[in-house]
Structures are given as structure tokens and as C-alpha cells.
There are 2 protein chains.
Amino acid sequence: MAEELSTKWETPLTSEQNPHIKRGRYSHLTQTDKDVLSRIVEGRACTSGKELADANIDWLRIYRGTSPLLLKPKSTWEVSKILGYCHNRNLAVVPQGGNTSLAGGSVPMFDEVIISLKLMDKIISFNNLSGALVCEAGCTLQSLMDFLDAEGYTMPYRIGPKDTCQIGGNMSTNCGGMHVVRYGSRHAAILGLEVVLADGSILDLVTTMKKDNTGYHLKHLFLGAEGTLGIITKVSLECPVKSPSQHMLFIGVPSFQDVLKIFKKAKYDLGEILSAFEVFDETVMKLINKNLKLPNPLSGESPYYMIIATAGSNRRHDDEKMNAFLSQLEKEGAIQNGFKESRAEAMKHLWSYRERIAVALKREGICYKYDITLPHEKFFDVITELRGVLHPNSPCVVGYGHLAEGDIHLNVIMPQLDKEIQEKVEGFLYPWIQNLRGSISSEHGLGIQRRDEIVYSKSPKGVEVMRKVKLTFDPKGILNPYKVLPSWMDSELTQRNLSKL
Amino acid sequence: MAEELSTKWETPLTSEQNPHIKRGRYSHLTQTDKDVLSRIVEGRACTSGKELADANIDWLRIYRGTSPLLLKPKSTWEVSKILGYCHNRNLAVVPQGGNTSLAGGSVPMFDEVIISLKLMDKIISFNNLSGALVCEAGCTLQSLMDFLDAEGYTMPYRIGPKDTCQIGGNMSTNCGGMHVVRYGSRHAAILGLEVVLADGSILDLVTTMKKDNTGYHLKHLFLGAEGTLGIITKVSLECPVKSPSQHMLFIGVPSFQDVLKIFKKAKYDLGEILSAFEVFDETVMKLINKNLKLPNPLSGESPYYMIIATAGSNRRHDDEKMNAFLSQLEKEGAIQNGFKESRAEAMKHLWSYRERIAVALKREGICYKYDITLPHEKFFDVITELRGVLHPNSPCVVGYGHLAEGDIHLNVIMPQLDKEIQEKVEGFLYPWIQNLRGSISSEHGLGIQRRDEIVYSKSPKGVEVMRKVKLTFDPKGILNPYKVLPSWMDSELTQRNLSKL
């Protein structure tokens, strides 16, 4: 998918695009700094070429920094030495996992030293009885899925860029994905972390114990902190056993009221085996048909389409549950069309409808992407409202997402960049979300992109407490600056008078 | 159970029992302080009598403080006013929920003002589609269970003192209980919190959204902090739908290797419907028989007994799974005896074997109680090892607990208090747990009782980071002092020179 999404343009420098953001009062990297830091990683430093250029640009090719140094440590000890040195020298750093962030959180804003975790990719231990996996932060999601598969276990989450994204980044962004309805968020599965703090000290919170109430639950603070409080170097998490039985429904639904009715019914009738509950609208289906050349798998058109998946321990039982569920929906008129699929290859094909939506939309034009959480009842209202607001500009507004968590991926598609329409969209959207106490970023985090919009989802007191926590963990502000915390705090967080420290 | 456990003795003052712990440099409560604070809660202050005496003593009647003032606020605003005043005046406070703590965390050490949340018991909202419940901190667990039952939902946890314990306390201690194997820890279900901070400011993190990645996930920091970082006033959590199908197995198992084999098999064969996996040893069964007059429900004796429970959406399917599971265990010789039970009343009776174990042990003598987490493989080794260490003193050493999480309730029962044996037990036990990277407190927290043992489950760096977090949230140290953080930090955390603040 990465390739399909890439464009040929030269990504402008983030700093040029954002002249109001000033570089913090960090030291500038000297030749001596480069030499010392390069020696720590013994030939795994990069100061030029494609690898460095790629590490400076985000996956969506929207953000580009000018870091002159990429370091690839192989151990916690090396990360510790790097941060210890950078802390002493007041050099800013950006930790980088698979660099698949959708909010610019994993690339430098200016000349921050890039610390890539990609070579820390060892699985340290797995307990086949408890399901406790301990591994280094640079393991890709796919490599862990493969490893666990052979052990009869599976990862408790699955997200699109699984070949590239790394578990350290998954934890740092608290990524969501398709199976939150079944296995919960990263907070549910996490057992322990090892984190290198700003000054290079190592905070070892690695445990394989499920229950431990001995003091503050610090590990949760690093989930979703996007590398601004420490660099995650090891992860321990509880993995569920692999379900031998997988089924899927693909259905067309006449109204959003029916979508909600189906959700309620699925909670009761499919209950413990429900593993995904995805919905997209008719415009999305048309763009899939047109831009991916994938025909509607249903015989007729519907305003809404859904994929409902289950994972369970008994194939016959799950099959019966799914058949009964489908036939009841048909009887109640809650669906217009639909079928059940249980063959692995066919299910994979149907999943591609859902997983390649981003590509289908991208081929239609420039997409302004919003990943928001709303109360279930309001899930698609945002589309109708936004279409009303934008009329008569009439860009294409579409939605799809994880209904179980109220997480909608809202896309406004236009033939070209249009700042005026973007301002109109956001001028309506963010206060509207705030009014419903929704979230302006469900899964993607804040990164560079949305940090100033934090006020729409957090109270002023919440932002103030975040500031205090940041200053406690990283008083010099060297860890992933210009991210997560709002830009009006930059002067304090990134430009402190060092004489005070 | 509370009554059955109570004793007639006069609980000694905690401060007299622990002369090495010095009162922090807090102000002493004046008549003016009492008047001002009492006015905030308008007739809901208590300065004498049984209610104040009860609030000064913990549930196990081990810890007793000398607080001269109990306040019962009815709103967040009142809690805020109380803390604002206490912060200004440098008065220490202890928040109190149902006062069912097992580590002394909910009672004063000296003369701290007690803030009881019991009158903040309103359910604020419930969304019957998402299962999001928002309520005040003082709601008892049972009242929430009753409310949800009528809505077709259930609480994601169940613990013994459900009639008394409050959701605010449940969150503050990150309590576990029987169903962690099914619904996860409190970190899995939490959606939001409202917390009053040390200075009286209100941190509103209440949301009903399942996915929200807009900055630090602060709410998790208050789970398990035992009221030392803020007072939880509102809780929002995701509740699962009620399972219409409940089943239970009661089995006798010939060896611990078989217990582990059964656990592994249950993960695969019962998978998504497994809701409890409890085990206790033959000595526990004998004490149940003797002290509760409950006969062994099985026809023969076994070294280990287990209760395996399921909760699911389809009675027939679950029934089939349980029958097949039981008959396979019989065929494989993994059990000596056992039966399935599905009738509500009969299951309730069988649950009483498990739920009243504490009473059965208490009637045998003085119990030294340890609630620890170990790798599954080592779950009962601690009993054998400890018996070896204590021989020839030969106290009765028994164990029971939640095997799915490796959480064992270890009891050393003696005819009378014996400090020498206690020291022998702990001198062996804590380093042994540390060596296995287990937890010295699975569910009960640290409170007063185990705060100095934190070193066995947290690294020095971990304790140091906790200290920094505490100072960030509560620089004057007025929130629940002498708890959670180790006593050697008291001089800094509770006796700071105020001129520096």
C-alpha cells in the first residue's frame, strides 16, 4: 500500500511550511558529536544518502526534516549511551520505528538526530502457557504475527502497515486497528515496557505478570506519548491463543438506524466471538468499484456496507451463530443483501475491500483525512452535516471505519489542494466533535499535524498536566520536540534557558 | 464476610506500632479549620462517635489512625473546595471509599482528614448501545451491578466485598477479582476519570469514547495510585453485555502438572467463553470442610481442586463445549473427579466454597496473608518451598487463587501472632518472588503494609520515577501520605520545608 500511496512530488520542508514554529535552543550537531555518536553504534550511523533522506520524510510524504544523522542502535545500552550524550550536549532527538505515522510524529521537524529502532528486532522470550511475549521494540508486527502463529497464538491487534510498522511504535502511538472490539486497546494487553529516559537512564518495567499492583502503573504513560517521554526499547505483552474458527459477513444495509440495530444485536448474539465490525458508505463502495476495479460483491446497491467478522474456538458453533444471525437480519429487514464467507482465501479477498479503501480514495483526488471518534449514534451524521456545510463547494465527503468503537475515518476528497475548503472543514469539524465530547484523533495520535487541535479533545487542565509530566520526564525537552504538546508551549518546552536547568 | 472476619480486639494505633514513621510537617487541625471544612460539606462532617471511629480503622482491623475529622462531600465541587483549603493550610488528607482495603491504604496513619466519597453515589449516564457507564466514585460495585443487570449489561469485574467497596476505590487500587481472565484489568475497561488534584483543581478526563489518542493517557496513572496522586470523583468505563449462558466445572485434580495442562486446554477449548479459572489445594478444602461445615462436593479427595466458569451468548453451544471439555479431561486422566453445574442456585453455592475461603482460614488461626503473582509454572512451588523453610516450626501453609493470572493467595496460619515466623516467611518469600520477577502484591496494592517491600517488585529507577511523579502531582505531599511510596522517602515527601514551595 505504501507504494500505491506515494507521489512524485518533492515534499517541502516542514520548517518552511510552518514558519511560525521556531527551532528550539538546542545545540547544533558538530563533527565531534557525529563522531562520538557514530562510535556508539559502530558503523550503524548514516550521514547521507537515500536511507537518511527516507528517514527524514514521513510515510504520507507530507513532512520532511533536515536531520544530518541517523543512528541505528542494536541494544538498549546503545540507546542509553546515545541519549546520555545528547542530553549532556542538549541535542534534540526523534525516535523512529517503521515510520508509518499518519501525523508526522516519527520524522524530524528540523535537524533532530534520528534514532531508528529497526535493528532492535529480537524476540526475547515467549511463554507458551501464559502467552507472555517479550521482544525488542524494533520487531515488525508481521514478524511477531508469524512467530506467534507457529506457537498457536496471535497478536492482540492488526493494523494496515503490518510489514513495516514496529511494536515500539505501535505502543508509542497506542495504535488501534480492526480487533479492538475483541482484544481491547494496547492498554489491555500490555504487561511491561523497558524505556530509555531523556537522560539516558533505563527504566526497566519489563514483567510478564498480568497482575501487579506495586506502585504507579508507569508503563501506561508511555502508550500514546509518541516518544516524547522516553524511548521504548522492549515490550512485553499478553497474546491471545489463535482462534481456529474465522467467519465473515458481508452485508448491504438500508439505513444507518439498521447499522446501529445490527451492532446491538451482534453484541448479544455474537458476543464473545465478535472480532471486527466495520462499516463504509455507498460512495466508498463506488470509489472501490471505480478505482480498484473491484465489483460490488453484493447483487444490489445499499446506502451502507458492513463487514462483520468473528474468531472463536469452535467452527461449528460459530458457523451456527453466524447463520442464525444472518437469517434473523434478513427476516427483520435489517439488511438488503448479504452473505457469509468462511474460506480463508475468499475472506482475504473481501478484507481487501476494507483494507484498500485508502488507496481507492487517493486515486480519486487529494484527500483530507480525519480519524475521529464520535458517539455511535452520530457516526455518520458528521458526513451529512459536513456536506451541508461545504455545499455548494461540493467536494466528495465519505466515511468508513470501526463502528464498534465509534471510530470513523472521514475523508474530504478534492481535485487539488484547497486551503479555503480545508479551513471550512476544520472550522466546522473540530468544534462539532468537541461539542459531542468525541476525539479529534482516534488512532493516529497528534504528532506534528494535530498538536494544536488538542484543545478540542482535552481540557486546559489536561493540557497543563501533560506539560508538567513532560517537564518531569524530559526537562530539557530533547525527546521528539514539536510533537504532541501544542506549539504555544514550545518556548517553554524546547527553548528553555539552560542556565536554569 | 466483614462481620465473620471482625475480631473483638482493640486495634492498636498504627503510629504506635510503627514508631519509626514520623508524622510529616503538616499543620495541625485547628477549630477554625474544622469549622471551615465542615461548612463546605454542610452538616456532613463528623468529629466524634462510632462513624469517625470506624473510618479510622481498616477492614481487617489492623490499622488505626487518629483523624479528628471525617468529611462527606456530595459533589466534585465540594471535594475541590476541601482540597483547595487543605492544600493552602498544608493539611494532610486520606481519601476513603468502601474502606475494604487489605493493605491499610484507606485509613489515616496519624491525624489526616478523612474524605469519604460514600455520598457521591449517583449514576450519571449509561449508553445502552456502547455500554459506556459514567458514575460518581462512591457508587458501590453491587449497586452498579444491579443497575446494569436491568440494562442487559454487567460490570467487567467482580470482587468479594461488592456490597461495600466503591468504584472509585476499585479504580484507585486497580482491583482484580475473578473475571480478569475474561474482561482484563481495570486498564482495559476504563474510558475516563474525573480527578481532583492536590491543590483542589479538577482534572476532567471523563469521556465515553473507546479510542482517543490525543496526548498522554493520564487516566491510567491514577489506577493503582491508591489516592496518592489525586482523588477520583467520577469514573467512566465500558461494560460488557450480560452473558445469558453461565456454566461451571468443579473438579479434583491429581497433580499440579495436570492443573497446568487443564489451563492450556481451557485457553483453546473454552477460549472466548472462559470467565474464571480458580484453584485451591487439599489443605484449603479440609479447612473449608472443617470450619465452614461444607462437605467436599466431590466423591473423593484430590491434591488440587478447581472451579472453571464460563459466560457466553449461547447456552447450547457453551453446554456442549463444557461437556466435551469435561469428558476429554476424564478420558486423559487429567482429573480424578468432577462435574458440571449450570443451575444458578447450585452455582452460587459452589462459588461460596471459593468466596468463603478467607473465613475458613481465619477460623483456623492467625493468618499471615500474601497476595503474589508468580509464573504459572511456579504457582504452587512457593507452598512447598515455604513449608521446607518453616519446618520444624510447621505452621499451616496454604494457597489458592486466580491461576489464569498466576495470582496466588498465600496464607501462613498459626495459633497466635509470631513475629519470628513472620520474619522467616518474608525473609524467604520476597527475594524468592523477586528472583522470578513476580509481583509481591497482585491485587491488594501497597498501602501502609507493603510499601517498603516495593523494592522486590520495582527497580530502584522505577521507585525514583514514582517519586518524581508524586512530587509533580502533589508537591506538598498532602494526599494519602505514608502510603505506596517507601518510608525512606517520607522525609522528602511528607516533611518538606515549606519555605521552598
# chains A, B, ... in the order shown; residues from 1 in each chain; ligands from 1
call {"tool": "residues_around", "arguments": {"residues": "segment 122-134 of chain A", "least_positions_apart": "5", "cutoff": "6 Å", "atoms": "only C-alpha atoms", "output": "PyMOL selection string"}}
result
chain A and resi 208+235-239
call {"tool": "closest_atom_pairs", "arguments": {"of": "chain A", "to": "chain B", "cutoff": "6 Å", "atoms": "only C-alpha atoms", "output": "tab-separated table"}}
result
residue	atom	partner	partner_atom	distance
A:Ala188	CA	B:Ala188	CA	4.2
A:Leu203	CA	B:Lys461	CA	5.9
A:Lys210	CA	B:Glu405	CA	5.5
A:Lys211	CA	B:Ser442	CA	4.9
A:Asp212	CA	B:Ser442	CA	4.4
A:Asn213	CA	B:Gly445	CA	4.8
A:Thr214	CA	B:Gly445	CA	5.7
A:Gly215	CA	B:Val484	CA	5.9
A:Tyr216	CA	B:Ala225	CA	5.3
A:His217	CA	B:Leu221	CA	5.9
A:Leu221	CA	B:His217	CA	5.9
A:Ala225	CA	B:Tyr216	CA	5.3
A:Gly271	CA	B:Ser313	CA	6.0
A:Glu272	CA	B:Glu272	CA	5.7
A:Ser313	CA	B:Gly271	CA	6.0
A:Glu405	CA	B:Lys210	CA	5.5
A:Ser439	CA	B:Asp212	CA	5.4
A:Ser441	CA	B:Asn213	CA	5.5
A:Ser442	CA	B:Asp212	CA	4.4
A:Glu443	CA	B:Asn213	CA	5.6
A:Gly445	CA	B:Asn213	CA	4.8
A:Leu446	CA	B:Thr214	CA	5.8
A:Lys461	CA	B:Leu203	CA	5.9
A:Val484	CA	B:Gly215	CA	5.9
call {"tool": "write_last_selection", "arguments": {"atoms": "N, CA, C and O atoms", "output": "JSON list (two decimals), in the first residue's frame"}}
result
[["chain", "number", "residue", "atom", "x", "y", "z"],
["A", 188, "ALA", "N", -4.85, -2.77, 27.31],
["A", 188, "ALA", "CA", -5.41, -4.03, 27.81],
["A", 188, "ALA", "C", -4.38, -5.15, 27.75],
["A", 188, "ALA", "O", -4.35, -6.02, 28.62],
["A", 203, "LEU", "N", 14.66, 2.72, 32.38],
["A", 203, "LEU", "CA", 13.54, 2.39, 33.26],
["A", 203, "LEU", "C", 13.04, 1.01, 32.87],
["A", 203, "LEU", "O", 12.41, 0.84, 31.83],
["A", 210, "LYS", "N", 0.58, -10.65, 34.77],
["A", 210, "LYS", "CA", -0.66, -9.99, 34.39],
["A", 210, "LYS", "C", -1.15, -9.07, 35.50],
["A", 210, "LYS", "O", -1.75, -8.03, 35.24],
["A", 211, "LYS", "N", -0.95, -9.47, 36.74],
["A", 211, "LYS", "CA", -1.41, -8.67, 37.87],
["A", 211, "LYS", "C", -0.22, -8.19, 38.68],
["A", 211, "LYS", "O", 0.58, -8.99, 39.12],
["A", 212, "ASP", "N", -0.16, -6.90, 38.87],
["A", 212, "ASP", "CA", 0.94, -6.34, 39.66],
["A", 212, "ASP", "C", 0.52, -4.96, 40.14],
["A", 212, "ASP", "O", 0.46, -4.02, 39.37],
["A", 213, "ASN", "N", 0.18, -4.87, 41.41],
["A", 213, "ASN", "CA", -0.20, -3.58, 41.98],
["A", 213, "ASN", "C", 0.80, -3.15, 43.02],
["A", 213, "ASN", "O", 0.52, -3.11, 44.21],
["A", 214, "THR", "N", 1.99, -2.84, 42.55],
["A", 214, "THR", "CA", 3.05, -2.40, 43.45],
["A", 214, "THR", "C", 3.51, -1.02, 43.02],
["A", 214, "THR", "O", 4.59, -0.85, 42.47],
["A", 215, "GLY", "N", 2.67, -0.04, 43.24],
["A", 215, "GLY", "CA", 3.04, 1.32, 42.91],
["A", 215, "GLY", "C", 2.43, 1.79, 41.60],
["A", 215, "GLY", "O", 1.60, 1.09, 41.01],
["A", 216, "TYR", "N", 2.85, 2.95, 41.15],
["A", 216, "TYR", "CA", 2.23, 3.59, 39.99],
["A", 216, "TYR", "C", 2.40, 2.73, 38.73],
["A", 216, "TYR", "O", 3.47, 2.13, 38.51],
["A", 217, "HIS", "N", 1.36, 2.73, 37.90],
["A", 217, "HIS", "CA", 1.37, 1.94, 36.68],
["A", 217, "HIS", "C", 2.00, 2.78, 35.56],
["A", 217, "HIS", "O", 1.33, 3.22, 34.63],
["A", 221, "LEU", "N", 1.81, 5.35, 30.79],
["A", 221, "LEU", "CA", 2.11, 6.74, 30.44],
["A", 221, "LEU", "C", 2.86, 6.84, 29.11],
["A", 221, "LEU", "O", 2.78, 7.85, 28.42],
["A", 225, "ALA", "N", 2.30, 8.32, 24.01],
["A", 225, "ALA", "CA", 3.11, 9.53, 24.24],
["A", 225, "ALA", "C", 3.98, 9.86, 23.04],
["A", 225, "ALA", "O", 4.67, 10.89, 23.03],
["A", 271, "GLY", "N", -21.56, -11.77, 20.53],
["A", 271, "GLY", "CA", -20.88, -11.54, 21.80],
["A", 271, "GLY", "C", -19.40, -11.79, 21.80],
["A", 271, "GLY", "O", -18.61, -11.05, 21.19],
["A", 272, "GLU", "N", -19.01, -12.89, 22.43],
["A", 272, "GLU", "CA", -17.61, -13.18, 22.71],
["A", 272, "GLU", "C", -16.81, -13.54, 21.47],
["A", 272, "GLU", "O", -15.58, -13.53, 21.51],
["A", 313, "SER", "N", -13.42, -20.54, 19.06],
["A", 313, "SER", "CA", -12.72, -21.80, 19.32],
["A", 313, "SER", "C", -13.42, -23.00, 18.67],
["A", 313, "SER", "O", -12.84, -24.07, 18.60],
["A", 405, "GLU", "N", -16.12, 0.97, 17.96],
["A", 405, "GLU", "CA", -15.52, 1.97, 18.84],
["A", 405, "GLU", "C", -15.91, 3.39, 18.45],
["A", 405, "GLU", "O", -15.34, 4.35, 18.95],
["A", 439, "SER", "N", -13.43, 12.44, 20.03],
["A", 439, "SER", "CA", -11.98, 12.57, 19.95],
["A", 439, "SER", "C", -11.60, 13.05, 18.56],
["A", 439, "SER", "O", -12.08, 12.52, 17.55],
["A", 441, "SER", "N", -8.66, 12.64, 17.37],
["A", 441, "SER", "CA", -7.73, 11.67, 16.81],
["A", 441, "SER", "C", -7.90, 10.33, 17.52],
["A", 441, "SER", "O", -7.42, 10.14, 18.63],
["A", 442, "SER", "N", -8.57, 9.42, 16.86],
["A", 442, "SER", "CA", -8.88, 8.12, 17.48],
["A", 442, "SER", "C", -7.65, 7.26, 17.62],
["A", 442, "SER", "O", -7.36, 6.70, 18.66],
["A", 443, "GLU", "N", -6.93, 7.12, 16.49],
["A", 443, "GLU", "CA", -5.82, 6.16, 16.45],
["A", 443, "GLU", "C", -4.51, 6.80, 16.02],
["A", 443, "GLU", "O", -3.46, 6.26, 16.30],
["A", 445, "GLY", "N", -2.96, 9.63, 16.65],
["A", 445, "GLY", "CA", -2.15, 10.48, 17.51],
["A", 445, "GLY", "C", -2.19, 11.93, 17.07],
["A", 445, "GLY", "O", -2.95, 12.31, 16.17],
["A", 446, "LEU", "N", -1.34, 12.74, 17.68],
["A", 446, "LEU", "CA", -1.31, 14.17, 17.37],
["A", 446, "LEU", "C", -0.12, 14.54, 16.51],
["A", 446, "LEU", "O", -0.24, 15.31, 15.57],
["A", 461, "LYS", "N", -6.90, 22.12, 31.69],
["A", 461, "LYS", "CA", -6.21, 21.49, 32.83],
["A", 461, "LYS", "C", -5.48, 20.22, 32.37],
["A", 461, "LYS", "O", -4.35, 19.96, 32.81],
["A", 484, "VAL", "N", 3.00, 16.43, 19.71],
["A", 484, "VAL", "CA", 2.02, 16.11, 20.76],
["A", 484, "VAL", "C", 1.59, 17.34, 21.56],
["A", 484, "VAL", "O", 0.41, 17.68, 21.60]]
call {"tool": "closest_residue", "arguments": {"among": "B:Asn291, B:Gln434, B:Ser80, B:Thr233", "to": "Arg363 of chain B", "atoms": "only C-alpha atoms"}}
result
B:Asn291
call {"tool": "select_by_dssp", "arguments": {"residues": "segment 221-464 of chain B", "states": "strand (DSSP E)", "output": "MDAnalysis selection string"}}
result
chainID B and resid 231:238 245:253 274:281 304:312 337:341 366:373 396:402 407:414
call {"tool": "residues_around", "arguments": {"residues": "Lys34 of chain A", "least_positions_apart": "3", "cutoff": "9 Å", "atoms": "only C-alpha atoms", "output": "ChimeraX atom specification"}}
result
/A:29-31,37-39,45,47,68-69
call {"tool": "write_last_selection", "arguments": {"atoms": "N, CA and C atoms", "output": "PDB file, in the first residue's frame"}}
result
ATOM      1  N   LEU A  29      24.574  20.152  15.865  1.00  0.00           N
ATOM      2  CA  LEU A  29      25.432  18.964  15.806  1.00  0.00           C
ATOM      3  C   LEU A  29      26.808  19.313  15.212  1.00  0.00           C
ATOM      4  N   THR A  30      27.859  19.055  15.971  1.00  0.00           N
ATOM      5  CA  THR A  30      29.215  19.302  15.463  1.00  0.00           C
ATOM      6  C   THR A  30      29.789  18.007  14.891  1.00  0.00           C
ATOM      7  N   GLN A  31      30.949  18.129  14.246  1.00  0.00           N
ATOM      8  CA  GLN A  31      31.610  16.933  13.734  1.00  0.00           C
ATOM      9  C   GLN A  31      31.969  15.998  14.879  1.00  0.00           C
ATOM     10  N   LEU A  37      28.759   9.958  18.488  1.00  0.00           N
ATOM     11  CA  LEU A  37      27.505   9.204  18.380  1.00  0.00           C
ATOM     12  C   LEU A  37      27.659   8.022  17.424  1.00  0.00           C
ATOM     13  N   SER A  38      28.401   8.246  16.337  1.00  0.00           N
ATOM     14  CA  SER A  38      28.612   7.158  15.371  1.00  0.00           C
ATOM     15  C   SER A  38      29.402   6.016  15.995  1.00  0.00           C
ATOM     16  N   ARG A  39      30.358   6.371  16.849  1.00  0.00           N
ATOM     17  CA  ARG A  39      31.155   5.326  17.509  1.00  0.00           C
ATOM     18  C   ARG A  39      30.300   4.466  18.426  1.00  0.00           C
ATOM     19  N   ALA A  45      25.728   4.176  11.735  1.00  0.00           N
ATOM     20  CA  ALA A  45      25.276   5.565  11.639  1.00  0.00           C
ATOM     21  C   ALA A  45      25.200   5.920  10.166  1.00  0.00           C
ATOM     22  N   THR A  47      24.984   9.335   7.531  1.00  0.00           N
ATOM     23  CA  THR A  47      25.047  10.798   7.482  1.00  0.00           C
ATOM     24  C   THR A  47      24.714  11.357   6.096  1.00  0.00           C
ATOM     25  N   PRO A  68      20.802  15.560   9.951  1.00  0.00           N
ATOM     26  CA  PRO A  68      22.050  15.148   9.311  1.00  0.00           C
ATOM     27  C   PRO A  68      22.566  13.800   9.824  1.00  0.00           C
ATOM     28  N   LEU A  69      21.827  13.166  10.756  1.00  0.00           N
ATOM     29  CA  LEU A  69      22.363  11.950  11.372  1.00  0.00           C
ATOM     30  C   LEU A  69      21.258  10.965  11.747  1.00  0.00           C
TER      31      LEU A  69
END
call {"tool": "residues_around", "arguments": {"residues": "segment 110-113 of chain B", "least_positions_apart": "5", "cutoff": "9 Å", "atoms": "only C-alpha atoms", "output": "ChimeraX atom specification"}}
result
/B:13-15,23,28-29,64-71,86,91-95,478,480-481
call {"tool": "write_last_selection", "arguments": {"atoms": "N, CA and C atoms", "output": "mmCIF file, in the first residue's frame"}}
result
data_model
loop_
_atom_site.group_PDB
_atom_site.id
_atom_site.type_symbol
_atom_site.label_atom_id
_atom_site.label_comp_id
_atom_site.auth_asym_id
_atom_site.auth_seq_id
_atom_site.Cartn_x
_atom_site.Cartn_y
_atom_site.Cartn_z
ATOM 1 N N LEU B 13 -2.917 1.653 67.769
ATOM 2 C CA LEU B 13 -2.686 2.754 66.824
ATOM 3 C C LEU B 13 -1.541 2.397 65.884
ATOM 4 N N THR B 14 -1.732 2.655 64.603
ATOM 5 C CA THR B 14 -0.683 2.360 63.621
ATOM 6 C C THR B 14 0.596 3.121 63.959
ATOM 7 N N SER B 15 0.436 4.328 64.441
ATOM 8 C CA SER B 15 1.617 5.148 64.746
ATOM 9 C C SER B 15 2.406 4.542 65.914
ATOM 10 N N ARG B 23 5.368 11.654 61.926
ATOM 11 C CA ARG B 23 4.340 12.496 61.307
ATOM 12 C C ARG B 23 5.020 13.554 60.454
ATOM 13 N N HIS B 28 -1.409 21.275 62.123
ATOM 14 C CA HIS B 28 -2.366 20.562 62.983
ATOM 15 C C HIS B 28 -3.728 21.234 62.826
ATOM 16 N N LEU B 29 -4.745 20.402 62.765
ATOM 17 C CA LEU B 29 -6.102 20.894 62.522
ATOM 18 C C LEU B 29 -6.555 21.788 63.676
ATOM 19 N N ARG B 64 -5.029 1.573 62.673
ATOM 20 C CA ARG B 64 -5.932 2.552 63.259
ATOM 21 C C ARG B 64 -5.257 3.917 63.329
ATOM 22 N N GLY B 65 -5.936 4.916 62.821
ATOM 23 C CA GLY B 65 -5.435 6.274 62.852
ATOM 24 C C GLY B 65 -6.182 7.106 63.880
ATOM 25 N N THR B 66 -5.855 8.386 63.946
ATOM 26 C CA THR B 66 -6.471 9.262 64.958
ATOM 27 C C THR B 66 -7.041 10.503 64.305
ATOM 28 N N SER B 67 -7.635 10.343 63.136
ATOM 29 C CA SER B 67 -8.197 11.520 62.472
ATOM 30 C C SER B 67 -9.326 12.109 63.305
ATOM 31 N N PRO B 68 -9.300 13.417 63.502
ATOM 32 C CA PRO B 68 -10.378 14.053 64.268
ATOM 33 C C PRO B 68 -11.518 14.536 63.373
ATOM 34 N N LEU B 69 -11.410 14.300 62.048
ATOM 35 C CA LEU B 69 -12.414 14.883 61.154
ATOM 36 C C LEU B 69 -12.677 14.005 59.938
ATOM 37 N N LEU B 70 -13.956 13.679 59.775
ATOM 38 C CA LEU B 70 -14.416 12.918 58.596
ATOM 39 C C LEU B 70 -15.358 13.818 57.810
ATOM 40 N N LEU B 71 -15.069 14.008 56.531
ATOM 41 C CA LEU B 71 -15.904 14.859 55.679
ATOM 42 C C LEU B 71 -16.569 13.999 54.618
ATOM 43 N N CYS B 86 -7.238 22.521 52.230
ATOM 44 C CA CYS B 86 -6.196 21.706 52.887
ATOM 45 C C CYS B 86 -4.821 21.981 52.277
ATOM 46 N N LEU B 91 -2.638 20.760 55.208
ATOM 47 C CA LEU B 91 -3.262 19.700 55.999
ATOM 48 C C LEU B 91 -3.281 18.413 55.171
ATOM 49 N N ALA B 92 -2.873 17.308 55.758
ATOM 50 C CA ALA B 92 -2.869 16.023 55.042
ATOM 51 C C ALA B 92 -4.266 15.408 55.031
ATOM 52 N N VAL B 93 -4.565 14.661 53.965
ATOM 53 C CA VAL B 93 -5.881 14.028 53.830
ATOM 54 C C VAL B 93 -5.734 12.562 53.427
ATOM 55 N N VAL B 94 -6.763 11.771 53.718
ATOM 56 C CA VAL B 94 -6.823 10.398 53.207
ATOM 57 C C VAL B 94 -8.191 10.193 52.558
ATOM 58 N N PRO B 95 -8.213 9.869 51.268
ATOM 59 C CA PRO B 95 -9.496 9.582 50.623
ATOM 60 C C PRO B 95 -9.963 8.185 51.030
ATOM 61 N N ILE B 478 0.329 16.178 50.502
ATOM 62 C CA ILE B 478 -0.829 16.103 51.411
ATOM 63 C C ILE B 478 -1.764 14.926 51.109
ATOM 64 N N ASN B 480 -2.885 11.324 50.933
ATOM 65 C CA ASN B 480 -2.656 9.970 51.450
ATOM 66 C C ASN B 480 -1.183 9.681 51.748
ATOM 67 N N PRO B 481 -0.586 10.473 52.638
ATOM 68 C CA PRO B 481 0.836 10.261 52.936
ATOM 69 C C PRO B 481 1.081 8.940 53.656
#
call {"tool": "select_by_dssp", "arguments": {"residues": "segment 381-449 of chain A", "states": "alpha helix (DSSP H)", "output": "MDAnalysis selection string"}}
result
chainID A and resid 381:390 419:435
call {"tool": "atom_distance", "arguments": {"atom1": "atom CA of Tyr85 of chain A", "atom2": "atom CA of Arg44 of chain A"}}
result
16.7 Å
